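Next comes upload_31.cif, a file with mmCIF, C-alpha atoms.
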data_model
loop_
_atom_site.label_atom_id
_atom_site.label_comp_id
_atom_site.auth_asym_id
_atom_site.auth_seq_id
_atom_site.Cartn_x
_atom_site.Cartn_y
_atom_site.Cartn_z
CA ALA A 492 -83.33 115.71 92.83
CA VAL A 493 -83.82 116.65 89.17
CA ARG A 494 -80.30 118.09 88.90
CA ASP A 495 -78.83 115.00 90.60
CA THR A 496 -80.75 112.73 88.21
CA GLU A 497 -79.56 114.74 85.20
CA ARG A 498 -75.96 114.54 86.44
CA ARG A 499 -76.22 110.77 86.84
CA VAL A 500 -77.74 110.40 83.38
CA ALA A 501 -74.88 112.44 81.90
CA GLU A 502 -72.28 110.37 83.77
CA ARG A 503 -73.90 107.17 82.57
CA ALA A 504 -73.92 108.39 78.96
CA ALA A 505 -70.22 109.32 79.28
CA ARG A 506 -69.40 105.85 80.67
CA GLU A 507 -71.33 104.19 77.86
CA ARG A 508 -69.36 106.22 75.27
CA THR A 509 -66.09 105.21 76.98
CA ILE A 510 -67.14 101.55 76.99
CA ALA A 511 -68.07 101.72 73.30
CA GLU A 512 -64.69 103.30 72.44
CA ARG A 513 -62.83 100.68 74.43
CA LYS A 514 -64.76 97.86 72.75
CA ILE A 515 -63.68 99.26 69.37
CA ALA A 516 -60.05 99.49 70.57
CA LEU A 517 -60.25 95.91 71.92
CA ARG A 518 -61.55 94.62 68.58
CA LEU A 519 -58.71 96.45 66.81
CA HIS A 520 -56.06 95.05 69.17
CA THR A 521 -57.51 91.55 68.88
CA GLU A 522 -57.42 91.77 65.08
CA LEU A 523 -53.86 93.13 65.09
CA ASP A 524 -52.76 90.35 67.46
CA ARG A 525 -54.27 87.75 65.14
CA ALA A 526 -52.66 89.33 62.07
CA PHE A 527 -49.22 89.56 63.70
CA SER A 528 -49.47 85.95 64.92
CA GLU A 529 -50.28 84.80 61.39
CA LEU A 530 -47.40 86.90 60.01
CA ARG A 531 -44.99 85.42 62.56
CA ALA A 532 -46.12 81.89 61.70
CA SER A 533 -45.74 82.62 57.98
CA LEU A 534 -42.26 84.13 58.37
CA ASN A 535 -41.19 81.22 60.56
CA ALA A 536 -42.43 78.76 57.96
CA GLN A 537 -40.39 80.57 55.28
CA MET A 538 -37.22 81.39 57.23
CA ARG A 539 -36.62 78.49 59.59
CA PRO A 540 -35.89 75.92 56.86
CA GLU A 541 -33.40 78.27 55.17
CA ILE A 542 -31.67 79.11 58.45
CA SER A 543 -31.57 75.40 59.34
CA THR A 544 -29.96 74.56 55.98
CA LEU A 545 -27.30 77.25 56.34
CA ALA A 546 -26.61 76.31 59.96
CA SER A 547 -26.35 72.63 59.02
CA GLY A 548 -23.64 73.42 56.46
CA PHE A 549 -21.67 75.39 59.03
CA LEU A 550 -22.11 72.62 61.59
CA SER A 551 -20.77 70.02 59.17
CA ASP A 552 -17.70 72.19 58.51
CA LEU A 553 -17.02 72.79 62.19
CA THR A 554 -17.43 69.17 63.31
CA ASP A 555 -15.67 67.44 60.39
CA ALA A 556 -19.11 66.15 59.29
CA ARG A 557 -19.62 64.33 62.61
CA TYR A 558 -22.87 66.29 62.82
CA ASP A 559 -24.32 67.72 59.66
CA GLU A 560 -27.88 68.65 60.49
CA VAL A 561 -29.64 71.03 62.84
CA ASP A 562 -33.28 71.88 63.24
CA LEU A 563 -34.89 74.93 64.81
CA ASP A 564 -37.96 74.78 66.99
CA GLU A 565 -40.61 77.52 66.99
CA ASN A 566 -38.54 79.56 69.46
CA TYR A 567 -35.42 79.21 67.29
CA GLN A 568 -33.70 76.91 69.76
CA VAL A 569 -31.10 74.81 67.96
CA VAL A 570 -31.62 71.04 67.99
CA VAL A 571 -28.61 69.03 66.79
CA LEU A 572 -29.65 65.95 64.83
CA ASP A 573 -27.62 62.76 64.79
CA GLU A 574 -28.63 60.73 61.72
CA GLY A 575 -31.97 62.55 61.72
CA VAL A 576 -32.63 61.91 65.42
CA PRO A 577 -32.45 64.78 67.95
CA LYS A 578 -29.33 64.44 70.06
CA PRO A 579 -30.62 64.52 73.64
CA VAL A 580 -27.42 65.59 75.40
CA ILE A 581 -24.80 67.91 73.99
CA SER A 582 -21.66 69.12 75.69
CA GLY A 583 -20.87 72.74 76.45
CA GLY A 584 -18.59 72.91 73.42
CA GLU A 585 -21.28 71.43 71.17
CA GLU A 586 -23.81 73.90 72.54
CA ASP A 587 -21.43 76.78 71.77
CA ILE A 588 -20.94 75.42 68.25
CA ALA A 589 -24.71 75.11 67.79
CA ASN A 590 -25.25 78.71 68.88
CA LEU A 591 -22.38 79.89 66.68
CA VAL A 592 -23.73 78.21 63.55
CA LEU A 593 -27.16 79.70 64.23
CA GLY A 594 -25.66 83.19 64.53
CA LEU A 595 -23.59 82.71 61.38
CA ALA A 596 -26.59 81.39 59.45
CA ILE A 597 -28.75 84.37 60.43
CA SER A 598 -25.91 86.79 59.62
CA GLN A 599 -25.36 85.21 56.21
CA MET A 600 -29.08 85.29 55.49
CA ILE A 601 -29.18 89.02 56.26
CA ALA A 602 -26.03 89.63 54.21
CA GLU A 603 -27.54 87.91 51.17
CA ARG A 604 -30.76 89.94 51.22
CA PRO A 605 -30.86 92.59 48.48
CA GLY A 606 -30.39 96.10 49.76
CA GLN A 607 -29.00 94.88 53.07
CA PRO A 608 -25.21 95.05 52.73
CA LEU A 609 -23.45 93.57 55.75
CA SER A 610 -19.68 93.90 55.55
CA LEU A 611 -18.86 93.52 59.25
CA LEU A 612 -19.30 90.50 61.51
CA VAL A 613 -18.53 90.84 65.23
CA LEU A 614 -18.26 87.67 67.34
CA ASP A 615 -17.81 87.88 71.11
CA GLU A 616 -16.14 85.07 73.10
CA ILE A 617 -17.04 82.21 70.77
CA PHE A 618 -13.99 80.06 71.62
CA GLY A 619 -14.56 79.62 75.37
CA SER A 620 -15.38 75.92 75.56
CA LEU A 621 -13.97 74.81 72.20
CA ASP A 622 -10.96 72.55 71.91
CA GLU A 623 -7.99 73.49 69.74
CA SER A 624 -9.24 71.53 66.72
CA ARG A 625 -12.63 73.24 66.75
CA ARG A 626 -11.02 76.65 67.21
CA HIS A 627 -8.98 75.95 64.09
CA HIS A 628 -12.14 74.93 62.21
CA VAL A 629 -13.94 78.11 63.31
CA LEU A 630 -11.08 80.30 62.07
CA GLY A 631 -11.03 78.42 58.76
CA LEU A 632 -14.78 78.82 58.35
CA LEU A 633 -14.57 82.55 59.07
CA ARG A 634 -11.89 82.91 56.38
CA ARG A 635 -14.12 81.10 53.88
CA LEU A 636 -16.89 83.57 54.68
CA GLY A 637 -14.64 86.44 53.62
CA ASP A 638 -16.61 87.06 50.42
CA ARG A 639 -19.75 87.69 52.47
CA PHE A 640 -18.13 89.36 55.47
CA PRO A 641 -15.03 91.27 54.37
CA GLN A 642 -14.25 92.20 57.96
CA VAL A 643 -14.61 89.88 60.94
CA ILE A 644 -13.85 91.06 64.47
CA LEU A 645 -13.35 88.46 67.18
CA ILE A 646 -13.41 89.40 70.85
CA THR A 647 -11.61 86.74 72.87
CA HIS A 648 -9.40 86.03 75.84
CA ILE A 649 -8.02 82.84 74.25
CA GLU A 650 -4.35 83.47 73.45
CA GLN A 651 -3.98 80.35 71.28
CA VAL A 652 -6.11 81.76 68.46
CA ARG A 653 -3.95 84.85 67.89
CA ASP A 654 -1.63 83.03 65.46
CA GLY A 655 -4.57 82.40 63.14
CA LEU A 656 -5.49 86.08 62.96
CA ASP A 657 -4.37 88.85 60.65
CA ARG A 658 -4.40 91.58 63.22
CA VAL A 659 -4.45 91.58 67.00
CA ILE A 660 -5.50 94.58 69.04
CA ARG A 661 -4.89 93.96 72.75
CA VAL A 662 -6.87 95.86 75.38
CA THR A 663 -5.54 95.73 78.94
CA TYR A 664 -6.46 97.53 82.12
CA ASP A 665 -3.84 99.66 83.86
CA ALA A 666 -4.76 99.63 87.55
CA THR A 667 -2.29 102.39 88.40
CA THR A 668 -3.95 104.93 86.07
CA GLY A 669 -7.43 103.41 86.10
CA THR A 670 -7.58 103.39 82.29
CA SER A 671 -7.69 100.89 79.47
CA VAL A 672 -4.59 100.56 77.30
CA VAL A 673 -4.96 99.63 73.62
CA ARG A 674 -1.95 98.11 71.86
CA ASP A 675 -1.53 96.77 68.33
CA ASP A 676 0.13 93.34 68.60
CA THR A 677 -0.02 92.67 64.87
CA ALA A 678 3.74 93.05 64.45
CA THR A 679 4.27 89.84 66.45
CA LEU A 680 2.17 87.81 63.98
CA GLY A 681 3.01 86.21 60.66
CA PRO A 682 1.92 87.76 57.33
CA PRO A 683 -1.87 88.28 56.99
CA ASP A 684 -3.88 86.40 54.37
CA ALA A 685 -7.49 87.42 55.13
CA SER A 686 -9.49 89.92 57.14
CA VAL A 687 -9.93 88.25 60.49
CA ALA A 688 -8.96 90.25 63.55
CA ALA A 689 -9.39 90.04 67.31
#
Taking this structure as input, can you express it in the form of structure tokens?
Amino acid sequence: AVRDTERRVAERAARERTIAERKIALRLHTELDRAFSELRASLNAQMRPEISTLASGFLSDLTDARYDEVDLDENYQVVVLDEGVPKPVISGGEEDIANLVLGLAISQMIAERPGQPLSLLVLDEIFGSLDESRRHHVLGLLRRLGDRFPQVILITHIEQVRDGLDRVIRVTYDATTGTSVVRDDTATLGPPDASVAA
């Protein structure tokens, strides 16, 4: 009975030590969670207005100033503003434009940070739901960003944009060999005038 009591006392002491250690770890995690939440809120307060401003400029360029302002909510969802009022319904093309300007704004912000050179911008299937006019505007905007992004790579299935590019690399699938075939179609284009390729 004495040995059993001693064993139980030892087990209880071990459990109490474990509980004390876990309480310390919980306090640490709670404090870290609070600190990271405050840091996130602080960074959001600093970055969201700058990203919104950059994105608004891109949006104005891409929509011929039809829309010239976007706002970002706390989850960085883009809200297009029409004369300062949130636009409740946007088309698929407008949604694609909104997402594109957000991506470009964040990329430009990173590129402008000291010690963070960013010479390459890769955009995947950004023309899907855009009409011909907006595609033209996007290509023009990408050319104007050439000082910040010397090389822009576009991945697209839209044939109509190839005439606005400096270099075209076509990737096709050869079903007979089961391999991808890469071909340089640049020779079929006019003379290049900036570094935009697809």
Could you give me, as a Markdown table, every region 598-622 of chain A residue with an atom at most 7 Å from region 643-646 of chain A, plus its closest atom pair and distance in Å to one decimal, counting all atoms listed in the file, rows ordered by chain then number?
| residue | atom | partner | partner_atom | distance |
| --- | --- | --- | --- | --- |
| A:Leu611 | CA | A:Val643 | CA | 5.8 |
| A:Leu612 | CA | A:Val643 | CA | 4.8 |
| A:Val613 | CA | A:Ile644 | CA | 4.7 |
| A:Leu614 | CA | A:Leu645 | CA | 5.0 |
| A:Asp615 | CA | A:Ile646 | CA | 4.7 |
| A:Glu616 | CA | A:Ile646 | CA | 5.6 |
query: Where does the PyMOL selection byres ((chain A and resi 625) around 12) land in this file, that is, which residues does it pick, as a list in words?
result: Leu550, Ser551, Asp552, Leu553, Thr554, Asp555, Gly584, Glu585, Asp587, Ile588, Leu591, Ile617, Phe618, Gly619, Ser620, Leu621, Asp622, Glu623, Ser624, Arg626, His627, His628, Val629, Leu630, Gly631, Leu632 and Val652 of chain A
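Residues in contact range of region 522-538 of chain A, defined as at most 9 Å between all atoms listed in the file, with sequence neighbours fewer than 5 positions away removed, read Leu517, Ser543 and Glu565 of chain A.
Taking CA of Val662 (chain A) and CA of Gly637 (chain A) as the two end points, the separation is 25.0 Å.
Between CA of Asp638 (chain A) and CA of Gly594 (chain A) lies a distance of 17.2 Å.
CA of Gln642 (chain A) sits 19.5 Å away from CA of Arg674 (chain A).
For Ala546 (chain A), the list of residues within 6 Å, based on only C-alpha atoms and with local chain neighbours fewer than 3 positions off taken out, reads Ile542, Ser543, Phe549, Val592, Leu593 and Ala596 of chain A.
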Reconstruct region 654-677 of chain A at the level of N, CA, C and O atoms, and format the result as a compact mmCIF listing (two decimals), in the coordinates of the input.
# COMPACT_ATOMS: atom_id res chain seq x y z
N ASP A 654 -2.47 83.36 66.61
CA ASP A 654 -1.63 83.03 65.46
C ASP A 654 -2.44 82.82 64.19
O ASP A 654 -1.90 82.91 63.09
N GLY A 655 -3.73 82.58 64.32
CA GLY A 655 -4.57 82.40 63.14
C GLY A 655 -5.24 83.68 62.67
O GLY A 655 -6.07 83.65 61.77
N LEU A 656 -4.86 84.80 63.27
CA LEU A 656 -5.49 86.08 62.96
C LEU A 656 -4.57 86.98 62.16
O LEU A 656 -3.35 86.85 62.23
N ASP A 657 -5.15 87.91 61.44
CA ASP A 657 -4.37 88.85 60.65
C ASP A 657 -3.93 90.06 61.44
O ASP A 657 -2.92 90.68 61.15
N ARG A 658 -4.73 90.41 62.41
CA ARG A 658 -4.40 91.58 63.22
C ARG A 658 -4.89 91.35 64.63
O ARG A 658 -5.99 90.83 64.84
N VAL A 659 -4.09 91.75 65.60
CA VAL A 659 -4.45 91.58 67.00
C VAL A 659 -4.35 92.94 67.69
O VAL A 659 -3.30 93.58 67.67
N ILE A 660 -5.46 93.36 68.25
CA ILE A 660 -5.50 94.58 69.04
C ILE A 660 -5.73 94.13 70.49
O ILE A 660 -6.76 93.52 70.78
N ARG A 661 -4.79 94.41 71.36
CA ARG A 661 -4.89 93.96 72.75
C ARG A 661 -5.36 95.13 73.62
O ARG A 661 -4.82 96.23 73.54
N VAL A 662 -6.37 94.86 74.44
CA VAL A 662 -6.87 95.86 75.38
C VAL A 662 -6.60 95.34 76.79
O VAL A 662 -7.04 94.25 77.15
N THR A 663 -5.85 96.10 77.56
CA THR A 663 -5.54 95.73 78.94
C THR A 663 -5.95 96.86 79.87
O THR A 663 -6.11 98.01 79.43
N TYR A 664 -6.08 96.53 81.14
CA TYR A 664 -6.46 97.53 82.12
C TYR A 664 -5.24 97.89 82.96
O TYR A 664 -4.56 97.01 83.50
N ASP A 665 -4.95 99.17 83.04
CA ASP A 665 -3.84 99.66 83.86
C ASP A 665 -4.41 100.13 85.19
O ASP A 665 -5.04 101.19 85.28
N ALA A 666 -4.18 99.33 86.24
CA ALA A 666 -4.76 99.63 87.55
C ALA A 666 -4.16 100.89 88.16
O ALA A 666 -4.83 101.58 88.94
N THR A 667 -2.92 101.21 87.81
CA THR A 667 -2.29 102.39 88.40
C THR A 667 -2.92 103.69 87.89
O THR A 667 -3.04 104.66 88.64
N THR A 668 -3.33 103.72 86.63
CA THR A 668 -3.95 104.93 86.07
C THR A 668 -5.46 104.83 86.00
O THR A 668 -6.13 105.83 85.78
N GLY A 669 -5.99 103.60 86.18
CA GLY A 669 -7.43 103.41 86.10
C GLY A 669 -7.98 103.54 84.69
O GLY A 669 -9.15 103.88 84.50
N THR A 670 -7.15 103.26 83.69
CA THR A 670 -7.58 103.39 82.29
C THR A 670 -7.30 102.11 81.52
O THR A 670 -6.48 101.28 81.93
N SER A 671 -7.96 102.00 80.38
CA SER A 671 -7.69 100.89 79.47
C SER A 671 -6.57 101.28 78.52
O SER A 671 -6.50 102.43 78.08
N VAL A 672 -5.72 100.32 78.21
CA VAL A 672 -4.59 100.56 77.30
C VAL A 672 -4.80 99.71 76.06
O VAL A 672 -5.02 98.50 76.16
N VAL A 673 -4.76 100.33 74.88
CA VAL A 673 -4.96 99.63 73.62
C VAL A 673 -3.61 99.55 72.91
O VAL A 673 -2.93 100.56 72.73
N ARG A 674 -3.25 98.32 72.50
CA ARG A 674 -1.95 98.11 71.86
C ARG A 674 -2.14 97.22 70.63
O ARG A 674 -2.85 96.22 70.68
N ASP A 675 -1.48 97.57 69.56
CA ASP A 675 -1.53 96.77 68.33
C ASP A 675 -0.43 95.72 68.41
O ASP A 675 0.75 96.04 68.38
N ASP A 676 -0.83 94.45 68.52
CA ASP A 676 0.13 93.34 68.60
C ASP A 676 0.33 92.66 67.26
O ASP A 676 0.89 91.56 67.19
N THR A 677 -0.09 93.29 66.19
CA THR A 677 -0.02 92.67 64.87
C THR A 677 1.41 92.38 64.46
O THR A 677 1.69 91.38 63.80
